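J.: What follows is model04.tsv, made up of TSV, C-alpha atoms:
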chain	number	residue	atom	x	y	z
Y	6	MET	CA	76.02	136.75	93.57
Y	7	GLN	CA	75.37	133.60	91.54
Y	8	GLU	CA	78.15	131.79	93.35
Y	9	GLN	CA	76.65	132.64	96.73
Y	10	LEU	CA	73.27	131.36	95.55
Y	11	ALA	CA	74.77	128.09	94.41
Y	12	LYS	CA	76.41	127.71	97.81
Y	13	THR	CA	73.04	127.80	99.57
Y	14	ASN	CA	72.49	124.57	101.51
Y	15	SER	CA	69.62	122.55	100.15
Y	16	HIS	CA	67.71	122.51	103.43
Y	17	LEU	CA	66.93	126.16	102.66
Y	18	ILE	CA	65.47	125.29	99.25
Y	19	SER	CA	64.19	121.79	100.00
Y	20	LYS	CA	60.72	121.62	101.45
Y	21	GLN	CA	59.49	118.74	103.55
Y	22	THR	CA	55.83	117.91	102.94
Y	23	PRO	CA	53.41	116.17	105.27
Y	24	GLU	CA	53.49	113.08	103.04
Y	25	ASN	CA	57.18	112.54	103.78
Y	26	SER	CA	57.70	110.07	106.58
Y	27	GLU	CA	60.24	110.54	109.32
Y	28	LEU	CA	62.37	107.89	107.61
Y	29	ASP	CA	62.79	110.19	104.59
Y	30	ILE	CA	64.96	112.48	106.70
Y	31	SER	CA	66.49	109.75	108.88
Y	32	LEU	CA	69.84	108.20	108.04
Y	33	ALA	CA	68.47	104.79	109.04
Y	34	GLY	CA	65.87	105.12	106.29
Y	35	TYR	CA	68.57	104.76	103.63
Y	36	ASP	CA	70.04	101.45	104.72
Y	37	TYR	CA	69.95	98.18	102.83
Y	38	GLU	CA	71.95	94.96	102.77
Y	39	LEU	CA	74.02	94.12	99.70
Y	40	PRO	CA	75.73	90.77	99.13
Y	41	THR	CA	79.45	91.41	98.80
Y	42	GLU	CA	79.66	89.48	95.54
Y	43	LEU	CA	77.41	92.06	93.85
Y	44	ILE	CA	79.99	94.84	94.30
Y	45	ALA	CA	81.45	95.06	90.79
Y	46	GLN	CA	85.23	94.73	90.73
Y	47	ASN	CA	85.65	95.14	86.98
Y	48	PRO	CA	83.78	97.16	84.34
Y	49	ALA	CA	81.63	95.58	81.67
Y	50	VAL	CA	83.42	95.00	78.35
Y	51	PRO	CA	82.32	96.53	76.08
Y	52	ARG	CA	81.07	99.36	78.24
Y	53	ASP	CA	77.54	99.36	76.84
Y	54	SER	CA	77.04	95.65	77.56
Y	55	SER	CA	76.19	96.49	81.17
Y	56	ARG	CA	72.63	95.86	82.31
Y	57	LEU	CA	70.05	98.65	82.48
Y	58	LEU	CA	67.11	98.62	84.87
Y	59	VAL	CA	64.36	100.94	83.60
Y	60	VAL	CA	61.86	102.73	85.83
Y	61	ASN	CA	59.20	103.91	83.38
Y	62	SER	CA	56.04	104.52	85.42
Y	63	GLN	CA	54.98	105.64	88.87
Y	64	ASN	CA	53.78	102.09	89.53
Y	65	VAL	CA	57.31	100.70	89.30
Y	66	GLY	CA	58.55	99.98	92.79
Y	67	THR	CA	55.05	99.90	94.25
Y	68	GLU	CA	52.75	97.75	92.11
Y	69	THR	CA	55.03	96.57	89.30
Y	70	ALA	CA	58.68	95.64	88.82
Y	71	PRO	CA	61.14	97.60	86.69
Y	72	GLN	CA	62.00	96.43	83.20
Y	73	HIS	CA	65.36	94.91	82.31
Y	74	TYR	CA	67.45	95.95	79.31
Y	75	ILE	CA	71.06	96.17	78.16
Y	76	PHE	CA	72.58	99.65	78.19
Y	77	ARG	CA	73.08	99.64	74.42
Y	78	ASP	CA	69.25	99.57	74.11
Y	79	LEU	CA	69.14	103.21	75.25
Y	80	PRO	CA	68.40	104.69	71.77
Y	81	GLU	CA	65.21	102.61	71.61
Y	82	ILE	CA	64.09	103.60	75.12
Y	83	LEU	CA	64.56	107.37	74.93
Y	84	ARG	CA	62.58	109.61	72.57
Y	85	PRO	CA	63.81	111.70	69.64
Y	86	GLY	CA	64.19	115.24	70.93
Y	87	ASP	CA	65.38	114.18	74.40
Y	88	LEU	CA	68.60	115.73	75.71
Y	89	LEU	CA	71.24	113.78	77.62
Y	90	VAL	CA	73.35	116.04	79.82
Y	91	MET	CA	76.79	114.58	80.68
Y	92	ASN	CA	79.66	115.46	82.99
Y	93	ASN	CA	82.91	115.85	81.02
Y	94	THR	CA	85.22	115.98	84.02
Y	95	ARG	CA	88.37	113.85	83.86
Y	96	VAL	CA	89.71	111.94	86.86
Y	97	LEU	CA	93.15	113.04	88.02
Y	98	PRO	CA	95.87	110.54	88.96
Y	99	ALA	CA	95.31	111.99	92.42
Y	100	ARG	CA	96.54	109.14	94.65
Y	101	LEU	CA	100.22	109.52	95.50
Y	102	TYR	CA	102.47	107.33	97.62
Y	103	GLY	CA	105.38	108.90	99.44
Y	104	HIS	CA	107.30	108.79	102.68
Y	105	LYS	CA	108.13	111.02	105.61
Y	106	LEU	CA	111.70	112.05	106.25
Y	107	THR	CA	111.77	109.26	108.85
Y	108	GLY	CA	111.05	106.76	106.08
Y	109	ALA	CA	107.46	106.02	107.18
Y	110	GLU	CA	105.16	105.38	104.23
Y	111	VAL	CA	102.39	107.87	103.43
Y	112	GLU	CA	99.34	107.76	101.14
Y	113	VAL	CA	97.93	111.04	99.81
Y	114	LEU	CA	94.69	111.74	97.95
Y	115	LEU	CA	94.67	115.16	96.32
Y	116	LEU	CA	91.25	116.81	96.50
Y	117	GLU	CA	91.61	120.27	94.99
Y	118	GLU	CA	94.17	122.96	94.27
Y	119	ARG	CA	93.57	125.91	96.61
Y	120	GLN	CA	96.45	128.07	95.33
Y	121	HIS	CA	99.24	127.49	92.84
Y	122	ASN	CA	100.76	124.09	93.74
Y	123	CYS	CA	99.02	124.20	97.13
Y	124	TRP	CA	96.57	121.31	97.38
Y	125	LEU	CA	93.99	120.18	99.87
Y	126	ALA	CA	94.64	116.48	100.39
Y	127	LEU	CA	93.62	113.57	102.57
Y	128	VAL	CA	96.73	112.06	104.17
Y	129	LYS	CA	96.96	108.54	105.60
Y	130	PRO	CA	98.01	108.04	108.32
Y	131	GLY	CA	97.23	111.69	109.04
Y	132	LYS	CA	97.12	112.28	112.78
Y	133	ARG	CA	100.81	113.09	113.11
Y	134	PHE	CA	101.04	115.37	110.10
Y	135	LYS	CA	101.29	118.74	111.74
Y	136	ARG	CA	102.36	122.04	110.22
Y	137	GLY	CA	105.88	121.83	108.80
Y	138	SER	CA	105.84	118.06	108.21
Y	139	GLN	CA	107.32	117.03	104.88
Y	140	ILE	CA	106.46	114.25	102.45
Y	141	VAL	CA	108.75	113.06	99.65
Y	142	PHE	CA	107.34	111.47	96.48
Y	143	THR	CA	109.30	109.53	93.87
Y	144	ALA	CA	108.28	109.27	90.23
Y	145	LYS	CA	106.89	105.94	89.09
Y	146	VAL	CA	109.11	103.61	87.07
Y	147	ASN	CA	107.83	102.14	83.82
Y	148	THR	CA	108.37	98.59	82.61
Y	149	ASP	CA	111.61	99.56	80.86
Y	150	GLY	CA	113.09	100.72	84.12
Y	151	ASP	CA	113.04	104.38	83.14
Y	152	HIS	CA	111.07	107.23	84.63
Y	153	PRO	CA	107.99	108.40	82.70
Y	154	THR	CA	108.26	111.35	80.34
Y	155	THR	CA	108.84	114.14	82.85
Y	156	PRO	CA	111.58	116.75	83.04
Y	157	PRO	CA	114.65	115.01	84.47
Y	158	LEU	CA	114.77	117.40	87.42
Y	159	TYR	CA	111.48	116.04	88.75
Y	160	HIS	CA	112.17	112.44	89.58
Y	161	SER	CA	111.11	113.38	93.11
Y	162	LEU	CA	108.87	115.96	94.75
Y	163	THR	CA	108.61	117.35	98.25
Y	164	ALA	CA	105.45	118.70	99.87
Y	165	THR	CA	105.19	120.59	103.15
Y	166	VAL	CA	102.12	120.62	105.40
Y	167	LEU	CA	100.91	124.22	105.77
Y	168	ALA	CA	97.75	123.65	107.81
Y	169	THR	CA	94.96	121.25	108.76
Y	170	ASP	CA	91.58	121.65	107.08
Y	171	THR	CA	88.90	121.23	109.71
Y	172	ALA	CA	86.06	120.66	107.22
Y	173	THR	CA	87.62	117.56	105.66
Y	174	GLY	CA	90.26	116.51	108.19
Y	175	GLY	CA	92.76	116.89	105.34
Y	176	ARG	CA	95.97	118.85	105.02
Y	177	LEU	CA	97.05	121.76	102.87
Y	178	LEU	CA	100.19	120.60	101.07
Y	179	GLN	CA	102.55	123.05	99.39
Y	180	PHE	CA	104.53	121.32	96.66
Y	181	GLU	CA	108.02	122.70	96.20
Y	182	LEU	CA	108.13	123.55	92.51
Y	183	PRO	CA	109.24	126.58	90.51
Y	184	GLU	CA	106.53	129.16	89.87
Y	185	GLU	CA	106.33	128.28	86.18
Y	186	VAL	CA	105.75	124.56	86.83
Y	187	SER	CA	102.35	123.15	87.79
Y	188	LEU	CA	101.89	119.94	89.75
Y	189	LEU	CA	99.14	119.04	87.27
Y	190	GLN	CA	101.82	118.71	84.59
Y	191	LEU	CA	103.62	116.09	86.67
Y	192	LEU	CA	100.79	114.03	88.13
Y	193	ASP	CA	100.93	111.35	85.44
Y	194	ALA	CA	104.47	110.57	86.56
Y	195	PHE	CA	103.77	110.51	90.29
Y	196	GLY	CA	100.11	109.60	90.82
Y	197	GLU	CA	97.60	106.85	90.21
Y	198	ILE	CA	93.89	106.94	89.37
Y	199	PRO	CA	92.16	106.63	92.78
Y	200	LEU	CA	89.70	103.76	92.54
Y	201	PRO	CA	87.16	103.58	95.39
Y	202	PRO	CA	88.12	101.43	98.41
Y	203	TYR	CA	85.42	98.83	97.71
Y	204	ILE	CA	87.18	97.94	94.43
Y	205	THR	CA	89.83	95.59	95.79
Y	206	THR	CA	90.60	92.95	93.14
Y	207	THR	CA	90.19	94.78	89.84
Y	208	GLU	CA	91.93	94.13	86.56
Y	209	ALA	CA	90.67	97.42	85.14
Y	210	GLN	CA	93.00	99.78	83.34
Y	211	SER	CA	93.08	103.44	84.38
Y	212	GLU	CA	91.29	104.56	81.21
Y	213	GLN	CA	88.35	102.30	82.06
Y	214	TYR	CA	87.67	104.59	85.03
Y	215	GLN	CA	87.26	107.55	82.66
Y	216	THR	CA	84.24	108.29	80.50
Y	217	VAL	CA	84.91	108.24	76.76
Y	218	TYR	CA	84.04	111.97	76.70
Y	219	ALA	CA	86.23	112.96	79.68
Y	220	GLN	CA	87.89	116.25	78.87
Y	221	ASN	CA	88.45	118.64	81.80
Y	222	PRO	CA	90.90	117.30	84.44
Y	223	GLY	CA	89.95	117.90	88.05
Y	224	ALA	CA	87.94	115.02	89.56
Y	225	VAL	CA	89.12	112.53	92.17
Y	226	ALA	CA	86.36	110.05	91.30
Y	227	ALA	CA	84.60	109.23	88.05
Y	228	PRO	CA	81.03	110.29	87.18
Y	229	THR	CA	80.24	106.59	86.96
Y	230	ALA	CA	76.86	106.75	85.19
Y	231	GLY	CA	78.79	107.92	82.15
Y	232	LEU	CA	81.13	104.91	82.09
Y	233	HIS	CA	78.53	102.88	80.16
Y	234	PHE	CA	78.71	104.98	76.99
Y	235	THR	CA	80.81	104.06	73.98
Y	236	PRO	CA	81.55	106.29	70.97
Y	237	GLU	CA	79.36	104.00	68.88
Y	238	LEU	CA	76.42	104.31	71.28
Y	239	LEU	CA	76.77	108.09	71.39
Y	240	GLN	CA	76.65	108.14	67.59
Y	241	LYS	CA	73.52	105.96	67.50
Y	242	LEU	CA	71.85	108.31	69.97
Y	243	ARG	CA	72.67	111.29	67.75
Y	244	GLU	CA	71.25	109.45	64.73
Y	245	GLN	CA	68.01	109.02	66.70
Y	246	ASN	CA	67.94	112.78	67.36
Y	247	ILE	CA	68.71	112.18	71.04
Y	248	ASN	CA	71.03	115.07	71.66
Y	249	GLN	CA	73.94	115.57	74.05
Y	250	ALA	CA	75.12	118.50	76.15
Y	251	PHE	CA	77.90	118.84	78.70
Y	252	VAL	CA	78.53	120.32	82.10
Y	253	THR	CA	81.54	119.94	84.37
Y	254	LEU	CA	81.50	118.93	88.02
Y	255	HIS	CA	84.86	117.98	89.46
Y	256	VAL	CA	83.88	115.12	91.74
Y	257	GLY	CA	85.43	115.67	95.16
Y	258	VAL	CA	85.02	114.68	98.76
Y	259	GLY	CA	81.45	116.04	98.80
Y	260	THR	CA	80.24	113.21	96.58
Y	261	PHE	CA	81.86	110.25	98.30
Y	262	ARG	CA	81.99	111.28	101.97
Y	263	PRO	CA	79.33	109.39	103.96
Y	264	VAL	CA	76.44	111.11	105.67
Y	265	GLU	CA	77.14	110.84	109.41
Y	266	VAL	CA	74.22	112.69	111.02
Y	267	GLU	CA	71.00	110.86	111.89
Y	268	ASN	CA	68.81	113.77	110.75
Y	269	VAL	CA	69.91	114.12	107.13
Y	270	THR	CA	68.58	117.68	106.87
Y	271	THR	CA	71.49	118.77	109.07
Y	272	HIS	CA	74.12	117.26	106.77
Y	273	THR	CA	76.34	119.80	105.01
Y	274	MET	CA	77.90	118.84	101.68
Y	275	HIS	CA	81.45	119.87	100.94
Y	276	GLU	CA	81.71	122.23	98.01
Y	277	GLU	CA	82.49	120.96	94.52
Y	278	TRP	CA	83.44	123.02	91.47
Y	279	ILE	CA	80.92	123.17	88.63
Y	280	GLU	CA	80.61	124.84	85.25
Y	281	VAL	CA	77.34	125.03	83.35
Y	282	PRO	CA	78.17	126.80	80.08
Y	283	GLN	CA	75.91	129.11	78.11
Y	284	ASN	CA	75.52	126.71	75.19
Y	285	THR	CA	74.28	123.95	77.51
Y	286	VAL	CA	71.74	126.31	79.06
Y	287	GLU	CA	70.54	127.22	75.57
Y	288	GLN	CA	70.28	123.53	74.58
Y	289	ILE	CA	68.21	122.79	77.68
Y	290	ARG	CA	65.86	125.72	77.06
Y	291	ALA	CA	65.43	124.76	73.41
Y	292	THR	CA	64.79	121.12	74.30
Y	293	LYS	CA	62.09	121.98	76.82
Y	294	ALA	CA	60.48	124.48	74.43
Y	295	ALA	CA	60.26	121.76	71.77
Y	296	GLY	CA	58.75	119.24	74.19
Y	297	GLY	CA	61.91	117.22	74.73
Y	298	ARG	CA	63.01	115.87	78.09
Y	299	ILE	CA	66.14	116.61	80.14
Y	300	ILE	CA	67.87	113.39	81.21
Y	301	ALA	CA	70.85	113.84	83.53
Y	302	VAL	CA	73.62	111.28	83.17
Y	303	GLY	CA	74.53	110.79	86.82
Y	304	THR	CA	74.07	112.47	90.16
Y	305	THR	CA	76.92	114.89	89.46
Y	306	VAL	CA	75.03	116.33	86.48
Y	307	VAL	CA	71.94	116.63	88.67
Y	308	ARG	CA	73.90	118.63	91.25
Y	309	ALA	CA	75.50	120.82	88.59
Y	310	LEU	CA	72.24	121.69	86.84
Y	311	GLU	CA	70.19	122.16	89.98
Y	312	GLY	CA	73.07	124.03	91.63
Y	313	ALA	CA	73.10	126.47	88.73
Y	314	ALA	CA	69.35	127.02	89.09
Y	315	THR	CA	69.12	128.17	92.69
Y	316	LYS	CA	67.62	131.50	91.56
Y	317	GLY	CA	64.68	129.50	90.25
Y	318	GLU	CA	65.78	129.41	86.61
Y	319	LEU	CA	68.82	127.74	85.08
Y	320	GLN	CA	71.60	130.21	84.35
Y	321	PRO	CA	75.17	129.82	83.08
Y	322	PHE	CA	77.36	129.32	86.12
Y	323	CYS	CA	81.00	128.77	87.06
Y	324	GLY	CA	81.84	128.36	90.73
Y	325	LYS	CA	81.22	126.03	93.66
Y	326	THR	CA	78.12	124.34	94.98
Y	327	ASN	CA	77.37	122.45	98.17
Y	328	LEU	CA	73.82	121.60	97.13
Y	329	PHE	CA	72.41	118.58	98.99
Y	330	ILE	CA	69.27	117.02	97.53
Y	331	TYR	CA	66.96	114.72	99.51
Y	332	PRO	CA	63.22	113.93	99.47
Y	333	GLY	CA	61.07	117.04	99.38
Y	334	TYR	CA	63.44	118.88	97.04
Y	335	GLN	CA	61.71	121.12	94.49
Y	336	TRP	CA	63.12	120.20	91.06
Y	337	ARG	CA	63.92	122.99	88.62
Y	338	VAL	CA	65.77	121.48	85.65
Y	339	VAL	CA	66.20	117.71	85.70
Y	340	GLU	CA	63.29	115.51	84.57
Y	341	GLY	CA	64.88	112.06	84.45
Y	342	MET	CA	68.26	110.49	85.05
Y	343	ILE	CA	70.65	107.63	84.41
Y	344	THR	CA	72.45	106.49	87.53
Y	345	ASN	CA	74.41	103.58	88.98
Y	346	PHE	CA	73.43	101.76	92.17
Y	347	HIS	CA	74.74	103.61	95.22
Y	348	LEU	CA	76.05	102.81	98.67
Y	349	PRO	CA	73.70	102.58	101.65
Y	350	ARG	CA	73.33	105.77	103.72
Y	351	SER	CA	74.95	107.88	101.01
Y	352	SER	CA	73.97	111.35	99.84
Y	353	LEU	CA	73.63	109.87	96.34
Y	354	LEU	CA	70.95	107.45	97.51
Y	355	MET	CA	69.11	110.40	99.06
Y	356	LEU	CA	69.35	112.38	95.82
Y	357	VAL	CA	67.78	109.58	93.76
Y	358	SER	CA	65.13	109.15	96.44
Y	359	ALA	CA	64.15	112.78	95.92
Y	360	LEU	CA	63.23	111.90	92.33
Y	361	ILE	CA	61.13	108.76	92.88
Y	362	GLY	CA	60.64	108.36	96.62
Y	363	ARG	CA	62.75	106.63	99.24
Y	364	GLN	CA	60.71	103.47	99.79
Y	365	ARG	CA	60.14	103.00	96.07
Y	366	LEU	CA	63.86	103.26	95.46
Y	367	LEU	CA	64.63	100.70	98.16
Y	368	ASN	CA	62.03	98.36	96.63
Y	369	ILE	CA	63.68	98.75	93.23
Y	370	TYR	CA	67.09	98.08	94.78
Y	371	GLN	CA	65.74	94.83	96.24
Y	372	GLU	CA	64.58	93.86	92.74
Y	373	ALA	CA	68.04	94.68	91.39
Y	374	ILE	CA	69.67	92.55	94.10
Y	375	ALA	CA	67.30	89.66	93.43
Y	376	SER	CA	68.10	89.95	89.70
Y	377	ARG	CA	71.85	89.95	90.45
Y	378	TYR	CA	72.62	93.41	89.14
Y	379	ARG	CA	76.17	94.63	89.74
Y	380	PHE	CA	76.49	97.58	92.13
Y	381	TYR	CA	78.60	100.73	92.60
Y	382	SER	CA	81.20	102.34	90.35
Y	383	PHE	CA	81.86	99.53	87.86
Y	384	GLY	CA	78.34	98.16	88.19
Y	385	ASP	CA	75.16	98.29	86.12
Y	386	ALA	CA	72.86	101.27	85.57
Y	387	MET	CA	69.32	102.43	86.20
Y	388	LEU	CA	67.28	104.74	83.97
Y	389	ILE	CA	64.53	106.77	85.64
Y	390	LEU	CA	62.25	108.22	82.97
Y	391	PRO	CA	60.32	111.46	83.60
Y	392	GLU	CA	56.97	109.65	83.63
Y	393	ALA	CA	58.17	107.65	86.64
Y	394	THR	CA	59.08	110.56	88.89
Y	395	ILE	CA	56.99	111.80	91.78
Could I get this structure in the form of structure tokens?

T.:
Amino acid sequence: MQEQLAKTNSHLISKQTPENSELDISLAGYDYELPTELIAQNPAVPRDSSRLLVVNSQNVGTETAPQHYIFRDLPEILRPGDLLVMNNTRVLPARLYGHKLTGAEVEVLLLEERQHNCWLALVKPGKRFKRGSQIVFTAKVNTDGDHPTTPPLYHSLTATVLATDTATGGRLLQFELPEEVSLLQLLDAFGEIPLPPYITTTEAQSEQYQTVYAQNPGAVAAPTAGLHFTPELLQKLREQNINQAFVTLHVGVGTFRPVEVENVTTHTMHEEWIEVPQNTVEQIRATKAAGGRIIAVGTTVVRALEGAATKGELQPFCGKTNLFIYPGYQWRVVEGMITNFHLPRSSLLMLVSALIGRQRLLNIYQEAIASRYRFYSFGDAMLILPEATI
């Protein structure tokens, strides 16, 4: 029953109010122009040296400008007793390069395992991949000329197309492996971390696209708001009695697929797997009871917490959600958030707009652009405090 509730589309639980303009539910209302040079190609080093734009009152974005900090200042900005909720998913080396039996090159992005060694994947070029087509993958070679540490029998893999998935345009790929062997065990040897397409000239190492607290493998993109934390910063936050809790949302196609309908209320998010454990629910309840504030680290945490609260109260949950949040949404758990700067016309931009208002957010983005903040996955961050929300 809980899983079905979490699968409820947000337009059933999101209420439009008379104050919301037509642009709030129009795709065109979420457009803005970004200079190409502000798309971050490399992460800040150290991680917590990134910039932090702070929205700390309802006047910010209307009458006043946001304040500018460095991310390592976070312990001085938050209050003792606040709770940071983080997404501990780990990005899979989900991008594989192979070839058809004809020799034609193929690029595959694994999205999720549907059955044992049967994966939903985006295939490029994909139009000719009909049922029965085969793709062969060869293990990567390290700098010594040897294959990575995999069983010697798996220097190559073959996958067969079982079907086309109409929801994503992807393919169901059955990897030919013995029952006792999981593709997950072999991905390090065959796959690469899938950086977003707008990162084109990076020098980043794969581990720089993982949070320092990444633990549960399953994502195909990083929960990027968490990339700014270092172990030292997390320790300073604990010393300030700013506590930490964890959820898991395996970032999938639902997060990064663009919204393509002009009326955003008709957009349907693809499902993503979440887990909100009992101990996190208890931490959130205790924090609120003591007067502390719930600060989500990233849009994925927002979707996980709100997706687990579709009955009206946060409950432990393990399953899938296709929750889509846009202006007019009735918040149940999250009070503030840390987030990166998102792409125009994206569901993530709409989610943040639901917290502070669409036009305010666009005004703040213009301030960030004027101040030369770095945007997107490897870019800078924004902190929206509870006192700034609508």

J.: What is the atom CA of Y:Gln139-atom CA of Y:Pro98 distance in Å, reported with one decimal?

T.: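 Atom CA of Y:Pro98 lies 20.7 Å from atom CA of Y:Gln139.
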
J.: Atom CA of Y:Ile279 to atom CA of Y:Thr253: how many Å, to one decimal?

T.: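 Computing it gives 5.4 Å between the two atoms.
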
J.: Would you mind telling me which residue in Y:Gln288, Y:Gln63, Y:Asn268, Y:Gln371 lies nearest to Y:Pro40 when using all atoms listed in the file?

T.: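 For Y:Pro40, the nearest of the given residues is Y:Gln371.
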
J.: Interatomic distance between atom CA of Y:Tyr214 and atom CA of Y:Glu197?

T.: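 Distance between the two atoms: 11.4 Å.
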
J.: Rank nothing, just name the residue among Y:Gly297, Y:Gly384, Y:Pro80, Y:Pro130 nearest to Y:Ala45, using all atoms listed in the file.

T.: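 Smallest separation from Y:Ala45 among the options: Y:Gly384.
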
J.: Compile the contact shell of Y:Thr207 as a short mmCIF file (atom, residue, chain, number, x, y, z; two decimals) with C-alpha atoms, in the coordinates of the input: residues with an atom at most 10 Å away, counting all atoms listed in the file, same-chain residues fewer than 5 positions apart removed.

T.:
data_model
loop_
_atom_site.label_atom_id
_atom_site.label_comp_id
_atom_site.auth_asym_id
_atom_site.auth_seq_id
_atom_site.Cartn_x
_atom_site.Cartn_y
_atom_site.Cartn_z
CA ALA Y 45 81.45 95.06 90.79
CA GLN Y 46 85.23 94.73 90.73
CA ASN Y 47 85.65 95.14 86.98
CA PRO Y 48 83.78 97.16 84.34
CA LEU Y 200 89.70 103.76 92.54
CA PHE Y 383 81.86 99.53 87.86
#

J.: Can you list every residue of stretch 180-261 of chain Y that has an atom at most 10 Å from stretch 66-77 of chain Y, with its nearest atom pair and the distance in Å to one decimal, using only C-alpha atoms, ordered by chain then number, as a tab-separated table?

T.:
residue	atom	partner	partner_atom	distance
Y:His233	CA	Y:Phe76	CA	7.1
Y:Phe234	CA	Y:Arg77	CA	8.2
Y:Thr235	CA	Y:Arg77	CA	8.9
Y:Glu237	CA	Y:Arg77	CA	9.4
Y:Leu238	CA	Y:Arg77	CA	6.5
Y:Leu239	CA	Y:Arg77	CA	9.7
Y:Lys241	CA	Y:Arg77	CA	9.4
Y:Leu242	CA	Y:Arg77	CA	9.8

J.: If we count all atoms listed in the file and set the cut-off at 6 Å, which residues sit around Y:Pro332, ignoring sequence neighbours fewer than 2 positions away in its own chain? Please answer as JSON, numbers by chain.

T.: {"Y": [334, 358, 359]}

J.: Mind checking which residues fall within 7 Å of stretch 168-182 of chain Y, counting all atoms listed in the file, ignoring those fewer than 5 positions away in the same chain, and posting them as a list in words?

T.: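 Everything that qualifies: Asn122, Cys123, Trp124, Leu125, Ala126, Leu127, Val128, Arg136, Leu162 and Thr163 of chain Y.
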
J.: So which residues touch Y:Ala301 within 8 Å, counting all atoms listed in the file, skipping near sequence neighbours fewer than 6 positions away, as a list in words?

T.: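 Returned residues: Leu89, Val90, Met91, Val307, Val339, Glu340, Gly341, Met342 and Ile343 of chain Y.
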
J.: Which polymer residues, whether protein, DNA or RNA, lie within 12 Å of the coordinate (82.2, 108.7, 102.8) when you count all atoms listed in the file? List them as a PyMOL selection string, using the chain letters and numbers from the file.

T.: chain Y and resi 173+201-203+257-265+274-275+347-353

J.: Looking at Y:Thr273, Y:Ser54, Y:Gln320, Y:Thr315, which one is nearest to Y:Glu287, with distances taken over all atoms listed in the file?

T.: Y:Gln320

J.: I'd like to know which of Y:Ile369, Y:Val60, Y:Leu328, Y:Val113 is closest to Y:Leu356, using only C-alpha atoms.

T.: Y:Leu328

J.: Point out the residue among Y:Glu184, Y:Thr94, Y:Ala49, Y:Phe251 with the least atom-to-atom distance to Y:His121, counting only C-alpha atoms.

T.: Y:Glu184

J.: My list of candidates is Y:Val252, Y:Thr305, Y:Glu117, Y:Gln215. Which is closest to Y:Leu189 when distances are computed with only C-alpha atoms?

T.: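 Ranked by minimum distance to Y:Leu189, first place goes to Y:Glu117.
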
J.: Using only C-alpha atoms, which residues sit within 9 Å of Y:Ile30 once same-chain residues fewer than 6 positions away are excluded, as a list in words?

T.: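 Here the qualifying residues turn out to be Gln21, Glu267, Asn268, Val269, Thr270, Tyr331, Pro332 and Met355 of chain Y.
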